[in-house]
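*Asks:* This one is entry_2.csv, CSV, C-alpha atoms.
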```csv
chain,number,residue,atom,x,y,z
E,1141,MET,CA,107.0,154.6,32.9
E,1142,ALA,CA,110.5,155.8,34.0
E,1143,ILE,CA,111.0,158.8,36.3
E,1144,ASN,CA,112.4,161.4,34.0
E,1145,ARG,CA,114.1,164.8,34.3
E,1146,ALA,CA,110.8,166.7,33.5
E,1147,GLN,CA,109.4,165.3,36.7
E,1148,LEU,CA,112.5,166.4,38.7
E,1149,VAL,CA,113.1,169.9,37.4
E,1150,ALA,CA,113.7,171.4,40.9
E,1151,GLU,CA,116.4,168.8,41.7
E,1152,LEU,CA,118.4,169.9,38.6
E,1153,GLU,CA,118.4,173.6,39.7
E,1154,PRO,CA,121.2,174.9,41.9
E,1155,GLY,CA,120.5,176.3,45.3
E,1156,LEU,CA,117.7,173.9,46.2
E,1157,ASN,CA,117.4,173.9,50.0
E,1158,ALA,CA,115.3,170.9,50.8
E,1159,LEU,CA,113.0,168.2,49.5
E,1160,PHE,CA,110.1,166.9,51.6
E,1161,GLY,CA,107.3,164.4,51.3
E,1162,LEU,CA,109.2,161.2,51.6
E,1163,GLU,CA,110.7,161.6,55.0
E,1164,TYR,CA,107.7,161.0,57.2
E,1165,LYS,CA,108.0,158.6,60.1
E,1166,THR,CA,106.0,155.5,59.5
E,1167,TYR,CA,104.2,153.0,61.8
E,1168,SER,CA,106.0,149.7,62.5
E,1169,ASP,CA,104.6,146.3,61.5
E,1170,GLU,CA,101.3,146.3,63.3
E,1171,THR,CA,100.3,142.9,62.1
E,1172,THR,CA,102.3,141.3,64.9
E,1173,MET,CA,99.7,142.4,67.5
E,1174,ILE,CA,97.1,140.3,65.7
E,1175,PHE,CA,98.7,137.3,64.0
E,1176,GLU,CA,101.0,134.4,64.7
E,1177,THR,CA,103.7,134.3,61.9
E,1178,GLU,CA,104.8,131.0,60.3
E,1179,GLY,CA,106.9,130.2,57.3
E,1180,SER,CA,105.6,128.5,54.3
E,1181,GLU,CA,107.2,126.4,51.5
E,1182,LYS,CA,104.0,125.7,49.5
E,1183,ALA,CA,101.7,127.6,47.1
E,1184,PHE,CA,99.1,127.7,49.8
E,1185,GLU,CA,98.5,126.5,53.3
E,1186,GLU,CA,95.6,124.6,54.8
E,1187,GLU,CA,94.8,123.9,58.5
E,1188,VAL,CA,92.1,121.4,59.6
E,1189,LEU,CA,90.1,121.6,62.8
E,1190,LEU,CA,89.6,118.3,64.6
E,1191,THR,CA,86.6,117.6,66.8
E,1192,GLY,CA,87.9,115.3,69.4
E,1193,PHE,CA,85.4,113.4,71.6
E,1194,GLY,CA,82.4,114.4,73.7
E,1195,ALA,CA,82.0,114.0,77.5
E,1196,GLY,CA,82.4,110.6,79.1
E,1197,VAL,CA,79.3,108.4,79.5
E,1198,VAL,CA,78.3,106.5,82.6
E,1199,LYS,CA,78.8,102.7,82.1
E,1200,ASP,CA,76.2,100.6,83.9
E,1201,GLU,CA,77.4,97.6,85.8
E,1202,GLY,CA,77.9,94.7,83.4
E,1203,GLY,CA,77.1,96.9,80.5
E,1204,GLY,CA,79.2,97.8,77.5
E,1205,VAL,CA,81.2,101.0,77.0
E,1206,SER,CA,80.0,103.8,74.8
E,1207,PHE,CA,81.9,104.4,71.6
E,1208,ASP,CA,82.5,107.8,70.2
E,1209,SER,CA,84.2,109.0,67.0
E,1210,ALA,CA,86.4,112.0,66.1
E,1211,SER,CA,86.3,113.8,62.8
E,1212,GLU,CA,87.5,116.8,60.8
E,1213,ALA,CA,85.3,119.8,61.2
E,1214,TRP,CA,86.4,122.3,58.7
E,1215,THR,CA,89.5,123.5,56.7
E,1216,ALA,CA,91.0,127.0,56.7
E,1217,ARG,CA,92.9,127.8,53.5
E,1218,TYR,CA,95.5,130.5,53.1
E,1219,ASP,CA,96.2,131.5,49.5
E,1220,HIS,CA,99.5,133.5,49.3
E,1221,GLU,CA,99.5,136.8,47.4
E,1222,THR,CA,102.5,138.2,45.6
E,1223,ILE,CA,102.9,141.9,46.4
E,1224,ALA,CA,105.3,143.8,44.1
E,1225,LEU,CA,106.2,147.4,43.2
E,1226,ALA,CA,108.8,148.9,40.9
E,1227,PHE,CA,110.1,152.1,39.5
E,1228,ALA,CA,112.7,153.1,36.9
E,1229,LEU,CA,115.1,156.0,36.4
E,1230,THR,CA,115.8,157.3,32.9
E,1231,GLU,CA,119.3,157.0,31.4
E,1232,GLU,CA,119.5,160.8,31.1
E,1233,SER,CA,118.7,161.4,34.8
E,1234,ILE,CA,121.5,159.0,35.7
E,1235,GLU,CA,123.9,160.9,33.3
E,1236,ASP,CA,123.0,164.2,35.0
E,1237,ASN,CA,124.4,163.0,38.3
E,1238,LEU,CA,121.0,162.3,39.9
E,1239,TYR,CA,121.5,158.6,40.2
E,1240,GLU,CA,122.8,158.2,43.7
E,1241,LYS,CA,120.4,160.6,45.3
E,1242,LEU,CA,117.4,159.3,43.4
E,1243,SER,CA,118.1,155.6,43.8
E,1244,ALA,CA,118.6,156.0,47.6
E,1245,ARG,CA,115.5,158.2,48.0
E,1246,TYR,CA,113.1,156.1,46.0
E,1247,THR,CA,114.3,152.8,47.2
E,1248,LYS,CA,113.3,153.9,50.7
E,1249,ALA,CA,110.0,155.1,49.3
E,1250,LEU,CA,109.5,151.6,47.8
E,1251,ALA,CA,110.1,149.9,51.1
E,1252,ARG,CA,107.7,152.3,52.8
E,1253,SER,CA,105.0,151.5,50.3
E,1254,MET,CA,105.5,147.7,50.7
E,1255,ALA,CA,105.3,148.0,54.5
E,1256,HIS,CA,102.1,150.0,54.2
E,1257,THR,CA,100.5,147.4,52.0
E,1258,LYS,CA,101.4,144.6,54.5
E,1259,ASN,CA,99.7,146.5,57.3
E,1260,VAL,CA,96.6,147.1,55.2
E,1261,LYS,CA,96.4,143.4,54.2
E,1262,GLY,CA,96.7,142.3,57.8
E,1263,ALA,CA,94.1,144.8,59.1
E,1264,ALA,CA,91.7,143.7,56.4
E,1265,VAL,CA,91.1,140.4,58.3
E,1266,LEU,CA,89.6,142.5,61.2
E,1267,ASN,CA,88.0,145.1,59.0
E,1268,ASN,CA,86.0,142.3,57.3
E,1269,ALA,CA,85.3,140.4,60.6
E,1270,PHE,CA,81.6,141.3,60.6
E,1271,ASP,CA,81.0,141.0,56.9
E,1272,ASN,CA,78.8,138.0,56.1
E,1273,THR,CA,80.2,137.8,52.6
E,1274,VAL,CA,83.8,137.2,54.0
E,1275,LEU,CA,83.6,133.8,55.6
E,1276,ILE,CA,86.1,131.6,57.5
E,1277,GLY,CA,86.3,127.8,57.4
E,1278,ASP,CA,83.0,127.1,59.2
E,1279,GLY,CA,81.1,129.2,56.7
E,1280,VAL,CA,80.5,132.1,59.1
E,1281,GLU,CA,82.1,135.6,59.3
E,1282,LEU,CA,85.1,135.7,61.7
E,1283,CYS,CA,83.1,137.5,64.5
E,1284,GLY,CA,79.6,136.0,64.6
E,1285,ALA,CA,77.6,133.0,65.8
E,1286,HIS,CA,79.5,129.7,65.3
E,1287,VAL,CA,77.6,126.5,65.5
E,1288,ALA,CA,79.7,123.6,66.8
E,1289,VAL,CA,79.5,120.0,65.7
E,1290,ALA,CA,77.8,119.2,69.0
E,1291,GLY,CA,75.0,121.6,68.0
E,1292,ASN,CA,75.6,124.4,70.5
E,1293,THR,CA,76.4,127.9,69.4
E,1294,ASN,CA,79.4,130.0,70.5
E,1295,LEU,CA,79.3,133.7,70.0
E,1296,ASN,CA,82.5,135.7,69.6
E,1297,SER,CA,80.7,139.0,69.2
E,1298,PRO,CA,77.7,140.6,70.9
E,1299,THR,CA,74.3,139.9,69.3
E,1300,THR,CA,74.1,143.7,68.7
E,1301,GLY,CA,77.2,145.8,68.3
E,1302,VAL,CA,78.2,147.7,71.5
E,1303,ASP,CA,80.8,150.5,72.0
E,1304,LEU,CA,83.9,149.9,74.0
E,1305,SER,CA,83.2,150.3,77.7
E,1306,GLU,CA,83.8,148.6,81.1
E,1307,THR,CA,80.4,146.8,80.8
E,1308,ALA,CA,81.1,145.6,77.3
E,1309,LEU,CA,84.5,144.2,78.2
E,1310,GLU,CA,83.1,142.4,81.3
E,1311,ALA,CA,80.4,140.9,79.1
E,1312,ALA,CA,83.1,139.8,76.5
E,1313,TYR,CA,85.2,138.2,79.3
E,1314,ILE,CA,82.2,136.2,80.6
E,1315,THR,CA,81.3,135.1,77.1
E,1316,ILE,CA,84.8,133.9,76.3
E,1317,ALA,CA,84.8,132.0,79.6
E,1318,GLY,CA,81.8,130.0,78.4
E,1319,TRP,CA,83.2,129.0,75.0
E,1320,THR,CA,83.4,125.3,74.2
E,1321,ASP,CA,85.2,123.1,71.6
E,1322,GLU,CA,83.4,121.5,68.7
E,1323,ARG,CA,82.1,118.6,70.9
E,1324,GLY,CA,80.7,121.0,73.6
E,1325,LEU,CA,83.5,120.6,76.1
E,1326,GLU,CA,84.5,123.8,78.0
E,1327,ILE,CA,87.9,125.2,77.0
E,1328,ALA,CA,90.3,127.4,79.0
E,1329,VAL,CA,90.6,130.4,76.7
E,1330,LYS,CA,91.4,133.8,78.2
E,1331,PRO,CA,91.6,137.3,76.8
E,1332,LYS,CA,95.1,138.6,76.0
E,1333,ASN,CA,95.0,142.1,74.6
E,1334,LEU,CA,92.8,144.7,72.9
E,1335,VAL,CA,93.4,145.9,69.4
E,1336,LEU,CA,91.8,149.2,68.6
E,1337,PRO,CA,91.6,152.0,66.1
E,1338,ALA,CA,93.3,155.3,67.1
E,1339,ASP,CA,89.8,156.8,67.8
E,1340,LEU,CA,89.4,154.6,70.9
E,1341,THR,CA,92.8,155.4,72.5
E,1342,PHE,CA,91.5,157.6,75.3
E,1343,VAL,CA,88.5,155.4,76.0
E,1344,ALA,CA,90.8,152.4,76.4
E,1345,GLU,CA,93.2,154.3,78.6
E,1346,ARG,CA,90.4,155.3,81.0
E,1347,VAL,CA,88.7,151.9,81.0
E,1348,LEU,CA,91.8,149.8,81.4
E,1349,MET,CA,94.1,152.1,83.4
E,1350,SER,CA,91.9,153.9,85.9
E,1351,THR,CA,92.1,152.8,89.5
E,1352,GLY,CA,88.4,153.2,90.1
E,1353,ARG,CA,85.4,152.6,87.9
E,1354,VAL,CA,84.9,154.9,85.0
E,1355,GLU,CA,81.9,157.3,84.7
E,1356,THR,CA,80.3,156.4,88.0
E,1357,ALA,CA,80.2,158.0,91.4
E,1358,ASP,CA,80.6,154.7,93.1
E,1359,ASN,CA,83.8,154.3,95.0
E,1360,ASP,CA,84.5,150.8,93.5
E,1361,LEU,CA,87.8,149.6,92.2
E,1362,ASN,CA,88.4,149.0,88.5
E,1363,ALA,CA,87.9,145.2,88.4
E,1364,ILE,CA,89.3,144.8,84.9
E,1365,LYS,CA,92.6,146.3,86.0
E,1366,SER,CA,92.8,144.8,89.5
E,1367,ALA,CA,92.0,141.3,88.2
E,1368,SER,CA,94.4,141.7,85.2
E,1369,ALA,CA,91.5,140.5,83.0
E,1370,ILE,CA,93.3,141.8,79.9
E,1371,PRO,CA,96.9,141.3,80.8
E,1372,GLY,CA,98.3,142.6,77.5
E,1373,GLY,CA,96.6,146.0,77.7
E,1374,TYR,CA,95.7,147.6,74.4
E,1375,GLN,CA,97.5,148.3,71.2
E,1376,ILE,CA,96.5,150.8,68.5
E,1377,ASN,CA,96.3,149.6,64.9
E,1378,HIS,CA,96.2,152.6,62.6
E,1379,TYR,CA,94.9,150.6,59.6
E,1380,LEU,CA,91.5,149.7,61.1
E,1381,THR,CA,88.8,151.5,59.2
E,1382,ASP,CA,85.9,151.4,61.6
E,1383,PRO,CA,86.4,154.1,64.3
E,1384,ASP,CA,84.3,152.4,67.0
E,1385,ALA,CA,85.0,148.7,66.3
E,1386,TRP,CA,87.2,146.9,68.9
E,1387,TYR,CA,88.8,143.5,69.0
E,1388,LEU,CA,89.8,141.4,72.1
E,1389,MET,CA,92.5,138.9,71.2
E,1390,THR,CA,92.7,135.6,73.1
E,1391,ASP,CA,95.4,133.0,73.9
E,1392,CYS,CA,93.7,130.4,71.7
E,1393,PRO,CA,96.5,128.7,69.7
E,1394,ASN,CA,96.4,128.3,65.9
E,1395,SER,CA,93.9,131.0,65.4
E,1396,LEU,CA,94.8,134.1,63.3
E,1397,LYS,CA,97.8,133.3,61.1
E,1398,HIS,CA,100.3,135.1,58.9
E,1399,PHE,CA,102.1,132.8,56.5
E,1400,LYS,CA,105.3,134.2,55.0
E,1401,ARG,CA,106.0,132.4,51.7
E,1402,ALA,CA,108.8,134.7,50.5
E,1403,ALA,CA,110.4,137.6,52.5
E,1404,MET,CA,110.7,140.9,50.8
E,1405,LYS,CA,113.5,141.1,48.2
E,1406,THR,CA,114.7,144.1,46.3
E,1407,GLY,CA,116.6,144.1,43.1
E,1408,MET,CA,117.8,146.4,40.3
E,1409,GLU,CA,118.9,146.0,36.7
E,1410,GLY,CA,119.6,148.0,33.7
E,1411,ASP,CA,117.3,147.9,30.6
E,1412,PHE,CA,119.3,147.3,27.4
E,1413,ASP,CA,116.8,149.0,25.1
E,1414,THR,CA,116.4,152.3,27.0
E,1415,GLY,CA,119.4,152.4,29.3
E,1416,ASN,CA,117.0,153.0,32.2
E,1417,MET,CA,117.7,151.6,35.6
E,1418,ARG,CA,114.9,149.6,37.1
E,1419,TYR,CA,114.2,148.8,40.7
E,1420,LYS,CA,111.8,146.2,42.2
E,1421,ALA,CA,110.5,145.0,45.6
E,1422,ARG,CA,108.6,141.8,46.0
E,1423,GLU,CA,107.2,139.6,48.8
E,1424,ARG,CA,104.6,136.9,49.1
E,1425,TYR,CA,102.4,136.1,52.1
E,1426,SER,CA,98.9,135.5,53.3
E,1427,PHE,CA,96.8,136.6,56.3
E,1428,GLY,CA,93.7,134.8,57.6
E,1429,ALA,CA,92.0,132.9,60.4
E,1430,SER,CA,91.9,129.2,61.3
E,1431,ASP,CA,90.1,129.1,64.6
E,1432,TRP,CA,87.6,131.9,65.4
E,1433,ARG,CA,88.3,131.4,69.1
E,1434,GLY,CA,91.3,133.6,68.8
E,1435,ILE,CA,89.2,136.8,68.8
E,1436,TYR,CA,86.1,138.5,70.2
E,1437,GLY,CA,85.0,141.6,68.4
E,1438,SER,CA,82.3,144.2,68.3
E,1439,GLU,CA,81.6,146.6,65.5
E,1440,GLY,CA,80.4,149.3,67.9
E,1441,ILE,CA,77.1,151.1,67.5
```
Now, as a test, write the supplied structure out as structure tokens.

*Replies:*
Amino acid sequence: MAINRAQLVAELEPGLNALFGLEYKTYSDETTMIFETEGSEKAFEEEVLLTGFGAGVVKDEGGGVSFDSASEAWTARYDHETIALAFALTEESIEDNLYEKLSARYTKALARSMAHTKNVKGAAVLNNAFDNTVLIGDGVELCGAHVAVAGNTNLNSPTTGVDLSETALEAAYITIAGWTDERGLEIAVKPKNLVLPADLTFVAERVLMSTGRVETADNDLNAIKSASAIPGGYQINHYLTDPDAWYLMTDCPNSLKHFKRAAMKTGMEGDFDTGNMRYKARERYSFGASDWRGIYGSEGI
């Protein structure tokens, strides 16, 4: 349905002082604090995890060597989604000298809506991280108990949700230091930055930035800060839906990915039958996770 003059009565009246509602400041692209971005030229993308080999085996004198074999563990698939939005202006509104004002105003509103959608789509990967119906390639939720090919279990969330605190971050750091690859070999993965909902802003500021320990009378230093245990600090993602969930991103490569199949394009055309002017914005992308080792998360209490 085209935007018509009945919907824009005030704009046709002389003496109008101001219009408001479309000039709010908006948040930037907050997906960049979570995902690596790559281009794509295919209908979908797949990434395969390789197992490598186990530890070396002692060879007895005169004995034969032990043979091992590598394999593919699981596949992560990224199905691109097409996101599009459009609006139209009636021929009559264009004739009544509203064309330039309306097209500029609502084209900006269109871009704002598309940016909002992208942030929501990206944050959904974290919002669903503890949902056992939303699974990654190994058949487990993103933040949970992941059984390796070697048989050992790696946790990238506490067994019971805990709120953000000094103790919780220290426990997360220690857990991450004990992660292994699929064959049980220790890997050098380290925390990078915290991604949080706005509700945890001041908790994070106190825990990460205080010189001394938080909520204790002990005159101890803040070990998290002094050791630069989380070098990237914290970032607020305004599209996270759980007010007490928190996510510690790591430097694991090829983990959380954003594939850009088609950048946002805008277009306009006239409709022959109605004389209306139509505007459209379109882009195509996907968000997801290949390797769970890129994140440690807790859903809070």

*Asks:* Could you check which of E:Ala1290, E:Ala1285, E:Leu1266, E:Val1302 is closest to Ala1429 of chain E, using all atoms listed in the file?

*Replies:*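 Of the candidates, the smallest distance to Ala1429 of chain E is held by E:Leu1266.
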
*Asks:* Between E:Ser1209, E:Gln1375, E:Thr1257, E:Asn1416, which has the minimum distance to Leu1229 of chain E (counting all atoms listed in the file)?

*Replies:*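 Of E:Ser1209, E:Gln1375, E:Thr1257, E:Asn1416, the one nearest Leu1229 of chain E is E:Asn1416, counting all atoms listed in the file.
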
*Asks:* Just to confirm, what's the straight-line distance from atom CA of Ser1395 of chain E to atom CA of Glu1176 of chain E in Å (one decimal)?

*Replies:*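 Atom CA of Glu1176 of chain E lies 7.9 Å from atom CA of Ser1395 of chain E.
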
*Asks:* What is the atom CA of Arg1252 of chain E to atom CA of Gly1407 of chain E distance in Å?

*Replies:*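 Interatomic distance here is 15.5 Å.
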
*Asks:* Calculated over all atoms listed in the file, which of the candidates E:Gly1428, E:Ser1366, E:Phe1207, E:Ala1224 has the smallest distance to Leu1250 of chain E?

*Replies:*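 Distance minimum relative to Leu1250 of chain E lands on E:Ala1224.
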